[in-house]
>>> print(open('upload.pdb').read())   # PDB, C-alpha atoms and all ligand atoms
ATOM      1  CA  MET R1156     -77.349 -63.473  -3.076
ATOM      2  CA  PRO R1157     -73.708 -64.285  -3.872
ATOM      3  CA  LYS R1158     -72.478 -67.114  -1.726
ATOM      4  CA  GLN R1159     -68.766 -66.251  -1.741
ATOM      5  CA  LEU R1160     -67.053 -65.277   1.462
ATOM      6  CA  PRO R1161     -66.303 -62.729   2.798
ATOM      7  CA  SER R1162     -68.340 -60.668   0.326
ATOM      8  CA  HIS R1163     -71.493 -62.589   1.194
ATOM      9  CA  ARG R1164     -70.941 -61.978   4.886
ATOM     10  CA  TYR R1165     -70.349 -58.253   4.350
ATOM     11  CA  LEU R1166     -73.372 -57.959   2.132
ATOM     12  CA  LYS R1167     -75.488 -59.521   4.876
ATOM     13  CA  GLN R1168     -73.924 -57.236   7.447
ATOM     14  CA  PHE R1169     -74.640 -54.144   5.349
ATOM     15  CA  ILE R1170     -78.253 -55.105   4.691
ATOM     16  CA  THR R1171     -78.829 -55.840   8.372
ATOM     17  CA  GLU R1172     -77.215 -52.552   9.449
ATOM     18  CA  VAL R1173     -79.383 -50.614   7.022
ATOM     19  CA  THR R1174     -82.741 -52.398   7.238
ATOM     20  CA  GLY R1175     -82.528 -54.952  10.036
ATOM     21  CA  ASP R1176     -83.622 -58.581   9.945
ATOM     22  CA  ARG R1177     -86.754 -57.866   7.936
ATOM     23  CA  GLY R1178     -84.664 -56.127   5.317
ATOM     24  CA  LEU R1179     -82.419 -59.159   5.126
ATOM     25  CA  LYS R1180     -85.472 -61.362   4.666
ATOM     26  CA  VAL R1181     -86.679 -59.165   1.796
ATOM     27  CA  ALA R1182     -83.221 -58.910   0.204
ATOM     28  CA  THR R1183     -82.733 -62.678   0.331
ATOM     29  CA  CYS R1184     -86.063 -63.103  -1.378
ATOM     30  CA  VAL R1185     -85.198 -60.531  -4.067
ATOM     31  CA  GLY R1186     -82.234 -62.574  -5.296
ATOM     32  CA  ASP R1187     -81.893 -62.351  -9.056
ATOM     33  CA  GLY R1188     -85.323 -60.923  -9.626
ATOM     34  CA  ALA R1189     -88.692 -60.704  -7.911
ATOM     35  CA  THR R1190     -91.729 -58.416  -7.952
ATOM     36  CA  ASP R1191     -93.161 -56.701  -4.848
ATOM     37  CA  GLU R1192     -96.103 -59.112  -4.896
ATOM     38  CA  LYS R1193     -93.905 -62.175  -5.051
ATOM     39  CA  ILE R1194     -91.816 -60.892  -2.149
ATOM     40  CA  GLU R1195     -94.971 -60.295  -0.115
ATOM     41  CA  GLN R1196     -96.141 -63.851  -0.781
ATOM     42  CA  LYS R1197     -92.802 -65.397   0.043
ATOM     43  CA  THR R1198     -91.951 -63.403   3.166
ATOM     44  CA  GLY R1199     -95.426 -62.779   4.562
ATOM     45  CA  ILE R1200     -94.466 -59.126   5.022
ATOM     46  CA  LYS R1201     -97.216 -56.688   3.959
ATOM     47  CA  ILE R1202     -96.642 -55.136   0.558
ATOM     48  CA  ALA R1203     -96.490 -51.570   1.905
ATOM     49  CA  GLU R1204     -93.632 -52.559   4.197
ATOM     50  CA  VAL R1205     -91.967 -54.589   1.443
ATOM     51  CA  ARG R1206     -91.997 -51.473  -0.752
ATOM     52  CA  SER R1207     -90.664 -49.240   1.946
ATOM     53  CA  ILE R1208     -87.850 -51.706   2.692
ATOM     54  CA  LEU R1209     -87.049 -51.988  -1.020
ATOM     55  CA  ASN R1210     -86.906 -48.212  -1.387
ATOM     56  CA  HIS R1211     -84.603 -48.026   1.582
ATOM     57  CA  LEU R1212     -82.359 -50.756   0.183
ATOM     58  CA  HIS R1213     -82.410 -48.944  -3.147
ATOM     59  CA  SER R1214     -81.242 -45.687  -1.565
ATOM     60  CA  PHE R1215     -78.140 -47.547  -0.391
ATOM     61  CA  GLY R1216     -77.556 -49.065  -3.813
ATOM     62  CA  ILE R1217     -78.257 -52.577  -2.564
ATOM     63  CA  VAL R1218     -81.106 -53.340  -4.953
ATOM     64  CA  GLU R1219     -82.035 -52.093  -8.388
ATOM     65  CA  TYR R1220     -85.264 -52.401 -10.334
ATOM     66  CA  LEU R1221     -86.644 -52.832 -13.769
ATOM     67  CA  ARG R1222     -89.904 -50.979 -14.443
ATOM     68  CA  GLU R1223     -92.324 -52.391 -16.976
ATOM     69  CA  LYS R1224     -95.685 -51.056 -18.064
ATOM     70  CA  ASN R1225     -98.513 -53.514 -18.126
ATOM     71  CA  LEU R1226    -100.228 -52.766 -21.437
ATOM     72  CA  SER R1227    -103.666 -54.003 -20.410
ATOM     73  CA  ASN R1228    -104.134 -51.875 -17.269
ATOM     74  CA  GLY R1229    -101.379 -49.284 -17.673
ATOM     75  CA  TRP R1230     -99.844 -50.088 -14.265
ATOM     76  CA  PHE R1231     -96.172 -50.428 -13.674
ATOM     77  CA  THR R1232     -94.573 -53.627 -12.503
ATOM     78  CA  TYR R1233     -91.291 -53.377 -10.621
ATOM     79  CA  THR R1234     -88.918 -56.297 -10.758
ATOM     80  CA  TRP R1235     -86.244 -55.996  -8.115
ATOM     81  CA  LYS R1236     -82.860 -57.598  -7.965
ATOM     82  CA  LEU R1237     -79.789 -57.398  -5.809
ATOM     83  CA  ASN R1238     -76.846 -55.328  -6.929
ATOM     84  CA  GLY R1239     -74.159 -57.040  -4.903
ATOM     85  CA  ASP R1240     -71.169 -55.220  -6.379
ATOM     86  CA  ARG R1241     -72.551 -51.743  -5.899
ATOM     87  CA  ALA R1242     -73.778 -52.654  -2.416
ATOM     88  CA  LEU R1243     -70.285 -53.781  -1.436
ATOM     89  CA  GLN R1244     -68.739 -50.631  -2.853
ATOM     90  CA  ASN R1245     -71.134 -48.516  -0.803
ATOM     91  CA  PHE R1246     -70.575 -50.660   2.265
ATOM     92  CA  ILE R1247     -66.839 -50.073   2.026
ATOM     93  CA  LEU R1248     -67.413 -46.353   1.511
ATOM     94  CA  PHE R1249     -69.506 -46.242   4.702
ATOM     95  CA  LYS R1250     -66.938 -48.209   6.626
ATOM     96  CA  LYS R1251     -64.172 -45.897   5.425
ATOM     97  CA  LYS R1252     -66.086 -42.881   6.724
ATOM     98  CA  GLU R1253     -66.678 -44.631  10.028
ATOM     99  CA  GLN R1254     -63.002 -45.509  10.186
ATOM    100  CA  GLU R1255     -62.016 -41.883   9.558
ATOM    101  CA  THR R1256     -64.293 -40.616  12.348
ATOM    102  CA  LEU R1257     -62.984 -43.258  14.699
ATOM    103  CA  ARG R1258     -59.373 -42.441  13.890
ATOM    104  CA  LYS R1259     -59.965 -38.777  14.723
ATOM    105  CA  LYS R1260     -61.732 -39.690  17.939
ATOM    106  CA  LEU R1261     -58.941 -42.002  18.933
ATOM    107  CA  ALA R1262     -56.340 -39.322  18.265
ATOM    108  CA  GLU R1263     -58.294 -36.793  20.332
ATOM    109  CA  GLU R1264     -58.883 -39.109  23.229
ATOM    110  CA  ALA R1265     -55.422 -40.502  23.579
ATOM    111  CA  GLY R1266     -53.817 -38.620  26.398
ATOM    112  CA  VAL R1267     -56.968 -36.807  27.536
ATOM    113  CA  LEU R1268     -58.546 -37.686  30.819
ATOM    114  CA  PHE R1269     -62.337 -37.930  30.811
ATOM    115  CA  TYR R1270     -64.906 -37.875  33.580
ATOM    116  CA  LYS R1271     -68.167 -39.706  33.405
ATOM    117  CA  CYS R1272     -71.207 -39.922  35.678
ATOM    118  CA  ARG R1273     -72.456 -43.249  36.960
ATOM    119  CA  LYS R1274     -75.507 -43.250  34.694
ATOM    120  CA  GLY R1275     -73.443 -42.352  31.658
ATOM    121  CA  CYS R1276     -75.523 -39.310  30.708
ATOM    122  CA  SER R1277     -72.483 -37.088  30.459
ATOM    123  CA  ARG R1278     -68.831 -37.381  29.761
ATOM    124  CA  LEU R1279     -66.490 -34.394  30.062
ATOM    125  CA  PRO R1280     -62.785 -33.724  29.740
ATOM    126  CA  PHE R1281     -60.980 -33.015  32.998
ATOM    127  CA  GLU R1282     -61.116 -29.192  32.817
ATOM    128  CA  GLN R1283     -64.861 -29.069  32.184
ATOM    129  CA  ALA R1284     -65.600 -31.668  34.837
ATOM    130  CA  MET R1285     -63.583 -29.620  37.306
ATOM    131  CA  ASP R1286     -65.614 -26.495  36.448
ATOM    132  CA  LYS R1287     -68.748 -28.431  37.378
ATOM    133  CA  GLN R1288     -67.191 -29.567  40.668
ATOM    134  CA  PHE R1289     -67.241 -33.083  39.251
ATOM    135  CA  ARG R1290     -71.044 -33.135  39.271
ATOM    136  CA  CYS R1291     -72.925 -34.374  36.219
ATOM    137  CA  PRO R1292     -74.643 -31.375  34.572
ATOM    138  CA  GLN R1293     -77.707 -33.554  33.955
ATOM    139  CA  CYS R1294     -78.254 -35.894  36.891
ATOM    140  CA  LYS R1295     -76.006 -34.052  39.382
ATOM    141  CA  SER R1296     -74.365 -37.242  40.553
ATOM    142  CA  LEU R1297     -70.645 -37.397  41.170
ATOM    143  CA  MET R1298     -68.459 -37.971  38.149
ATOM    144  CA  HIS R1299     -65.537 -40.372  38.140
ATOM    145  CA  HIS R1300     -62.638 -40.476  35.784
ATOM    146  CA  VAL R1301     -62.840 -43.003  33.030
ATOM    147  CA  ARG R1302     -59.886 -45.278  32.746
ATOM    148  CA  PRO R1303     -58.668 -44.155  29.326
ATOM    149  CA  HIS R1304     -57.043 -47.485  28.718
ATOM    150  CA  ASP R1305     -60.375 -49.369  28.640
ATOM    151  CA  GLU R1306     -62.037 -46.855  26.372
ATOM    152  CA  LEU R1307     -59.113 -46.631  24.002
ATOM    153  CA  ARG R1308     -58.900 -50.380  23.886
ATOM    154  CA  LYS R1309     -62.534 -50.601  22.766
ATOM    155  CA  LEU R1310     -62.014 -47.931  20.125
ATOM    156  CA  GLU R1311     -58.900 -49.670  18.890
ATOM    157  CA  ASP R1312     -60.702 -52.991  18.590
ATOM    158  CA  ARG R1313     -63.489 -51.356  16.625
ATOM    159  CA  LEU R1314     -60.963 -49.676  14.339
ATOM    160  CA  ILE R1315     -59.147 -52.940  13.728
ATOM    161  CA  SER R1316     -62.368 -54.662  12.685
ATOM    162  CA  LEU R1317     -63.170 -51.789  10.318
ATOM    163  CA  GLU R1318     -59.709 -51.938   8.826
ATOM    164  CA  LYS R1319     -60.219 -55.619   8.156
ATOM    165  CA  ILE R1320     -63.258 -54.747   6.065
ATOM    166  CA  THR R1321     -61.794 -51.799   4.182
ATOM    167  CA  SER R1322     -58.544 -53.601   3.440
ATOM    168  CA  ALA R1323     -60.541 -56.464   1.919
ATOM    169  CA  GLU R1324     -61.831 -54.052  -0.726
ATOM    170  CA  ASN R1325     -59.729 -55.383  -3.602
ATOM    171  CA  LEU R1326     -60.510 -58.935  -2.673
ATOM    172  CA  LEU R1327     -64.225 -58.208  -2.564
ATOM    173  CA  MET R1328     -64.366 -56.377  -5.868
ATOM    174  CA  LYS R1329     -62.426 -58.995  -7.781
ATOM    175  CA  ARG R1330     -64.823 -61.801  -7.048
ATOM    176  CA  ASP R1331     -66.692 -63.435  -9.961
TER     177      ASP R1331
HETATM  178 ZN    ZN R1401     -75.432 -38.051  34.919
END
>>> encode(input="upload.pdb", output="structure tokens", more="lines below")
Ligand SMILES: [Zn+2]
Amino acid sequence: MPKQLPSHRYLKQFITEVTGDRGLKVATCVGDGATDEKIEQKTGIKIAEVRSILNHLHSFGIVEYLREKNLSNGWFTYTWKLNGDRALQNFILFKKKEQETLRKKLAEEAGVLFYKCRKGCSRLPFEQAMDKQFRCPQCKSLMHHVRPHDELRKLEDRLISLEKITSAENLLMKRD
């Protein structure tokens, strides 16, 4: 796994978001090339799970494989390796989509007053909450208005952290 920052950190973040800690364990083991069997030995994770994690990582472009036919038994051997550059490109693509959704949400929510029940099972704009006599449609408890400032603040923070990632795109792609 490339050791440069922040690409290394983002790569780790992406792998963890997609496949969790076990995925990170497998991906670290993959490095510049490893077979399913070798990964099983090294990580202690059963081969069936190793394969399913690898397929999942592959669907996100994080790993790639080389398939070779064993001439004596006719079976295929898969040698996996990390594809750091493609993984980072996909990571940035995902973060850009997330950023877009968040931007829209932020624009919608600014200036709108929301009502929420204590348990958090529902959250309605003022008009709809009023129609329900400020009772949660699910748990029937009284709904209170959400201080928009707090919610917006959280959304803004999240957006800022996403922007940090997406604006680092050029930096990430130019690494050696
Ligand atoms: Zn409720």
>>> closest_atom_pairs(input="upload.pdb", of="chain R", to="ligand ZN 1401 (chain R)", cutoff="8 Å", atoms="only C-alpha atoms and all ligand atoms", output="JSON lines")
{"residue": "R:Lys1271", "atom": "CA", "partner": "R:ZN1401", "partner_atom": "ZN", "distance": 7.6}
{"residue": "R:Cys1272", "atom": "CA", "partner": "R:ZN1401", "partner_atom": "ZN", "distance": 4.7}
{"residue": "R:Arg1273", "atom": "CA", "partner": "R:ZN1401", "partner_atom": "ZN", "distance": 6.3}
{"residue": "R:Lys1274", "atom": "CA", "partner": "R:ZN1401", "partner_atom": "ZN", "distance": 5.2}
{"residue": "R:Gly1275", "atom": "CA", "partner": "R:ZN1401", "partner_atom": "ZN", "distance": 5.8}
{"residue": "R:Cys1276", "atom": "CA", "partner": "R:ZN1401", "partner_atom": "ZN", "distance": 4.4}
{"residue": "R:Ser1277", "atom": "CA", "partner": "R:ZN1401", "partner_atom": "ZN", "distance": 5.4}
{"residue": "R:Arg1290", "atom": "CA", "partner": "R:ZN1401", "partner_atom": "ZN", "distance": 7.9}
{"residue": "R:Cys1291", "atom": "CA", "partner": "R:ZN1401", "partner_atom": "ZN", "distance": 4.6}
{"residue": "R:Pro1292", "atom": "CA", "partner": "R:ZN1401", "partner_atom": "ZN", "distance": 6.7}
{"residue": "R:Gln1293", "atom": "CA", "partner": "R:ZN1401", "partner_atom": "ZN", "distance": 5.1}
{"residue": "R:Cys1294", "atom": "CA", "partner": "R:ZN1401", "partner_atom": "ZN", "distance": 4.1}
{"residue": "R:Lys1295", "atom": "CA", "partner": "R:ZN1401", "partner_atom": "ZN", "distance": 6.0}
{"residue": "R:Ser1296", "atom": "CA", "partner": "R:ZN1401", "partner_atom": "ZN", "distance": 5.8}
{"residue": "R:Leu1297", "atom": "CA", "partner": "R:ZN1401", "partner_atom": "ZN", "distance": 7.9}
{"residue": "R:Met1298", "atom": "CA", "partner": "R:ZN1401", "partner_atom": "ZN", "distance": 7.7}
>>> closest_residue(input="upload.pdb", among="R:Lys1224, R:Lys1236, R:Lys1250, R:Arg1258", to="R:Lys1319", atoms="only C-alpha atoms")
R:Lys1250
>>> atom_distance(input="upload.pdb", atom1="atom CA of R:Arg1302", atom2="atom CA of R:Glu1263")
15.1 Å
>>> atom_distance(input="upload.pdb", atom1="atom CA of R:Lys1260", atom2="atom CA of R:Leu1314")
10.6 Å
>>> atom_distance(input="upload.pdb", atom1="atom CA of R:Pro1303", atom2="atom CA of R:Ile1320")
26.0 Å
>>> residues_near_point(input="upload.pdb", point="(-57.8, -40.5, 29.3)", cutoff="12 Å", atoms="all atoms listed in the file", output="PyMOL selection string")
chain R and resi 1261-1271+1278-1281+1299-1308
>>> resolve_selection(input="upload.pdb", expression="the PyMOL selection byres (((chain R and resi 1218) around 10) and not hetatm)", output="number ranges by chain")
R: 1182, 1185-1188, 1209-1217, 1219-1220, 1235-1239, 1241-1242
>>> closest_residue(input="upload.pdb", among="R:Phe1289, R:Leu1317, R:Glu1253, R:Arg1206", to="R:Tyr1233", atoms="all atoms listed in the file")
R:Arg1206
>>> closest_residue(input="upload.pdb", among="R:Ala1189, R:Glu1311, R:Gln1196, R:Ile1247", to="R:Leu1221", atoms="only C-alpha atoms")
R:Ala1189
>>> resolve_selection(input="upload.pdb", expression="the PyMOL selection byres (((chain R and resi 1167-1173) around 10) and not hetatm)", output="PyMOL selection string")
chain R and resi 1156+1161-1166+1174-1183+1208+1211-1212+1215+1217+1242-1243+1245-1247+1249-1250
>>> axis_aligned_box(input="upload.pdb", around="stretch 1301-1319 of chain R", padding_each_side="5 Å", output="JSON")
{"center_x": -60.3, "center_y": -49.3, "center_z": 20.6, "size_x": 16.4, "size_y": 22.6, "size_z": 34.9}
>>> closest_residue(input="upload.pdb", among="R:Ser1207, R:Glu1223, R:Lys1287, R:Ser1322", to="R:Leu1248", atoms="all atoms listed in the file")
R:Ser1322
